[in-house]
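A.B. asks: Input structure: final00.cif, which contains mmCIF, C-alpha atoms.
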data_upload
#
loop_
_atom_site.label_atom_id
_atom_site.label_comp_id
_atom_site.auth_asym_id
_atom_site.auth_seq_id
_atom_site.Cartn_x
_atom_site.Cartn_y
_atom_site.Cartn_z
CA MET A 1306 -2.98 -29.64 -9.16
CA SER A 1307 0.10 -27.44 -8.79
CA GLU A 1308 3.01 -28.41 -6.58
CA ILE A 1309 2.14 -25.60 -4.14
CA LEU A 1310 -1.48 -26.70 -3.81
CA LYS A 1311 -0.39 -30.34 -3.40
CA ALA A 1312 2.02 -29.30 -0.67
CA LEU A 1313 -0.69 -27.32 1.13
CA ALA A 1314 -3.08 -30.29 0.95
CA GLU A 1315 -0.33 -32.52 2.33
CA LEU A 1316 0.33 -30.07 5.16
CA GLU A 1317 -3.34 -30.07 6.16
CA SER A 1318 -3.43 -33.85 6.34
CA ASP A 1319 0.00 -34.70 7.76
CA THR A 1320 1.99 -31.94 9.45
CA ALA A 1321 4.43 -34.38 11.10
CA ASN A 1322 5.94 -35.45 7.76
CA PHE A 1323 5.70 -32.13 5.94
CA ASP A 1324 8.95 -30.52 4.82
CA TYR A 1325 8.01 -26.83 5.02
CA ARG A 1326 10.24 -24.22 3.37
CA PHE A 1327 8.70 -20.76 3.48
CA LYS A 1328 10.40 -19.65 0.27
CA ASP A 1329 8.38 -22.32 -1.55
CA PHE A 1330 5.16 -20.34 -0.94
CA PRO A 1331 3.97 -17.20 -2.74
CA PHE A 1332 3.26 -15.21 0.40
CA TYR A 1333 6.94 -15.04 1.27
CA TYR A 1334 7.41 -13.23 -2.04
CA ILE A 1335 4.48 -10.89 -1.44
CA ALA A 1336 6.03 -9.84 1.89
CA SER A 1337 9.46 -9.51 0.29
CA ILE A 1338 8.09 -7.40 -2.58
CA GLN A 1339 6.24 -5.12 -0.15
CA LYS A 1340 9.40 -4.61 1.94
CA ARG A 1341 11.52 -3.85 -1.12
CA LEU A 1342 8.85 -1.55 -2.54
CA GLN A 1343 8.78 0.44 0.70
CA ASP A 1344 12.59 0.66 0.75
CA ASN A 1345 12.71 1.76 -2.92
CA LEU A 1346 9.95 4.32 -2.38
CA ALA A 1347 11.60 5.70 0.75
CA GLN A 1348 14.88 6.18 -1.08
CA SER A 1349 13.22 7.71 -4.16
CA LEU A 1350 10.92 10.01 -2.21
CA ARG A 1351 13.50 11.24 0.33
CA PRO A 1352 14.85 14.04 -1.94
CA HIS A 1353 11.26 15.32 -2.22
CA GLY A 1354 10.75 15.45 1.55
CA VAL A 1355 8.09 12.73 1.55
CA ASN A 1356 8.02 9.24 3.02
CA PRO A 1357 5.98 6.28 1.70
CA GLN A 1358 3.24 6.69 4.31
CA GLU A 1359 2.80 10.38 3.44
CA TRP A 1360 2.71 9.40 -0.24
CA ARG A 1361 -0.10 6.91 0.44
CA ILE A 1362 -2.10 9.59 2.25
CA LEU A 1363 -1.51 12.14 -0.52
CA ALA A 1364 -2.56 9.56 -3.13
CA SER A 1365 -5.67 8.63 -1.14
CA LEU A 1366 -6.77 12.23 -0.77
CA ASN A 1367 -5.98 12.93 -4.41
CA GLU A 1368 -8.31 10.06 -5.32
CA THR A 1369 -11.04 10.93 -2.79
CA ASP A 1370 -10.75 14.28 -1.04
CA GLY A 1371 -12.45 14.90 2.28
CA LEU A 1372 -11.71 11.66 4.11
CA SER A 1373 -11.77 10.94 7.83
CA THR A 1374 -8.79 9.43 9.62
CA THR A 1375 -10.64 6.11 9.70
CA GLU A 1376 -11.26 6.21 5.94
CA ILE A 1377 -7.64 7.17 5.22
CA SER A 1378 -6.51 4.34 7.50
CA ALA A 1379 -8.64 1.84 5.56
CA MET A 1380 -7.37 3.08 2.17
CA THR A 1381 -3.69 3.27 3.13
CA LEU A 1382 -3.57 0.20 5.40
CA LEU A 1383 -1.98 2.32 8.12
CA GLU A 1384 -3.00 2.35 11.79
CA ARG A 1385 -5.48 5.11 12.69
CA SER A 1386 -3.16 6.62 15.32
CA ARG A 1387 -0.33 6.74 12.78
CA VAL A 1388 -2.59 8.38 10.19
CA SER A 1389 -3.60 10.97 12.77
CA ARG A 1390 0.04 11.85 13.55
CA ILE A 1391 1.04 11.92 9.87
CA THR A 1392 -1.91 14.09 8.83
CA ASP A 1393 -1.12 16.53 11.65
CA SER A 1394 2.43 16.80 10.29
CA MET A 1395 1.11 17.18 6.74
CA ARG A 1396 -1.23 19.95 7.93
CA ASP A 1397 1.77 21.73 9.50
CA ARG A 1398 3.47 21.61 6.08
CA ASP A 1399 0.30 22.96 4.41
CA TRP A 1400 -0.25 19.83 2.32
CA ILE A 1401 -3.67 19.20 3.83
CA THR A 1402 -6.32 21.04 5.76
CA LYS A 1403 -8.73 19.53 8.26
CA GLN A 1404 -12.35 20.57 8.60
CA ASP A 1405 -15.08 19.49 10.97
CA ASN A 1406 -17.35 16.80 9.62
CA CYS A 1407 -20.82 18.34 9.15
CA THR A 1408 -22.62 15.09 9.98
CA ASP A 1409 -20.46 13.96 12.92
CA LYS A 1410 -18.52 16.58 14.90
CA ARG A 1411 -16.36 13.88 16.53
CA PHE A 1412 -14.42 13.46 13.29
CA SER A 1413 -12.61 15.90 11.04
CA LEU A 1414 -12.13 15.44 7.32
CA ALA A 1415 -8.82 15.93 5.52
CA PHE A 1416 -8.57 17.77 2.22
CA LEU A 1417 -5.57 18.39 -0.03
CA THR A 1418 -4.44 21.99 -0.28
CA LYS A 1419 -2.99 23.46 -3.47
CA SER A 1420 0.44 22.80 -1.98
CA GLY A 1421 -0.57 19.18 -1.30
CA ARG A 1422 -1.81 18.74 -4.88
CA ASP A 1423 1.43 20.25 -6.15
CA LYS A 1424 3.43 17.84 -3.97
CA PHE A 1425 1.37 14.91 -5.27
CA SER A 1426 1.99 16.00 -8.88
CA GLU A 1427 5.71 16.45 -8.17
CA ILE A 1428 6.21 12.95 -6.80
CA LEU A 1429 3.75 10.97 -8.95
CA PRO A 1430 6.36 10.42 -11.71
CA VAL A 1431 8.84 9.19 -9.07
CA VAL A 1432 6.35 6.65 -7.72
CA CYS A 1433 5.39 5.54 -11.24
CA SER A 1434 9.06 4.99 -12.02
CA VAL A 1435 9.46 2.72 -8.96
CA HIS A 1436 6.34 0.75 -9.90
CA LYS A 1437 7.48 0.49 -13.53
CA LYS A 1438 10.82 -0.94 -12.35
CA LEU A 1439 9.00 -3.64 -10.36
CA LEU A 1440 6.90 -4.61 -13.40
CA HIS A 1441 9.89 -4.63 -15.77
CA GLY A 1442 9.62 -7.45 -18.29
CA PHE A 1443 5.83 -7.78 -18.02
CA ASP A 1444 3.80 -7.04 -21.11
CA GLU A 1445 0.40 -5.38 -20.66
CA SER A 1446 -1.57 -8.64 -20.61
CA GLU A 1447 0.81 -10.17 -18.04
CA ALA A 1448 0.57 -7.08 -15.85
CA GLN A 1449 -3.24 -7.18 -15.97
CA LEU A 1450 -3.24 -10.90 -15.22
CA PHE A 1451 -0.87 -10.36 -12.30
CA ILE A 1452 -3.07 -7.61 -10.86
CA GLY A 1453 -6.09 -9.86 -11.28
CA PHE A 1454 -4.35 -12.64 -9.35
CA LEU A 1455 -3.39 -10.24 -6.57
CA ARG A 1456 -6.96 -8.93 -6.34
CA ARG A 1457 -8.25 -12.48 -6.05
CA VAL A 1458 -5.75 -13.34 -3.29
CA ASN A 1459 -6.60 -10.08 -1.53
CA HIS A 1460 -10.31 -10.93 -1.70
CA ASN A 1461 -9.63 -14.45 -0.41
CA ALA A 1462 -7.78 -12.92 2.55
CA LEU A 1463 -10.92 -11.15 3.77
CA PRO A 1464 -12.32 -12.57 7.01
#
Transcribe the structure of this file into structure tokens.
C.D. replies:
Amino acid sequence: MSEILKALAELESDTANFDYRFKDFPFYYIASIQKRLQDNLAQSLRPHGVNPQEWRILASLNETDGLSTTEISAMTLLERSRVSRITDSMRDRDWITKQDNCTDKRFSLAFLTKSGRDKFSEILPVVCSVHKKLLHGFDESEAQLFIGFLRRVNHNALP
């Protein structure tokens, strides 16, 4: 059993004598990586007039066009109200258009415009460069293994 798993088992059985240091656990690093990724993306995207949340929405709609605010929220891990505000701003910049949902008039669907697709294409190399920097030193098999581990942890985090 690894030292981390031993420590977690010890914590479950005897919290009074457990010497907890949050930097000894992988989830500290996941949070740290996410924060640094967002900071790096914000800095890299700023000259293009895009922030990381807008990028996530552009990428989601590029992958699956015609999504509701709820669907975009689920894909981007952003709050629905925030997605609504951001997509309104993106519509004002002609990156997306909103259309009534044929099956449920209470919800509109967002679609990328030509300008939105152009913006996505413009910034995709910037985002790839940031991601490549974070995976520096990994060979292909290590990168795939790492992604597999993250998917497993993500799955385990489901309620």
A.B. asks: If we count only C-alpha atoms and set the cut-off at 12 Å, which residues sit around region 1375-1381 of chain A, ignoring sequence neighbours fewer than 3 positions away in its own chain? Please answer as a ChimeraX atom specification.
C.D. replies: /A:1357-1372,1384-1392,1411-1416
A.B. asks: So what does the PyMOL selection byres ((chain A and resi 1432-1445) around 9) actually pick up in this one, as a ChimeraX atom specification?
C.D. replies: /A:1338,1342,1345-1346,1349-1350,1360,1428-1431,1446-1450
A.B. asks: Using Å and a single decimal, report how far CA of Ala1314 (chain A) sits from CA of His1460 (chain A).
C.D. replies: 20.8 Å
A.B. asks: Quick one, how far is CA of Asp1399 (chain A) from CA of Asp1423 (chain A)?
C.D. replies: 11.0 Å
A.B. asks: Interatomic distance between CA of Asp1329 (chain A) and CA of Ala1347 (chain A)?
C.D. replies: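 Pair CA of Asp1329 (chain A) / CA of Ala1347 (chain A) returns 28.3 Å.
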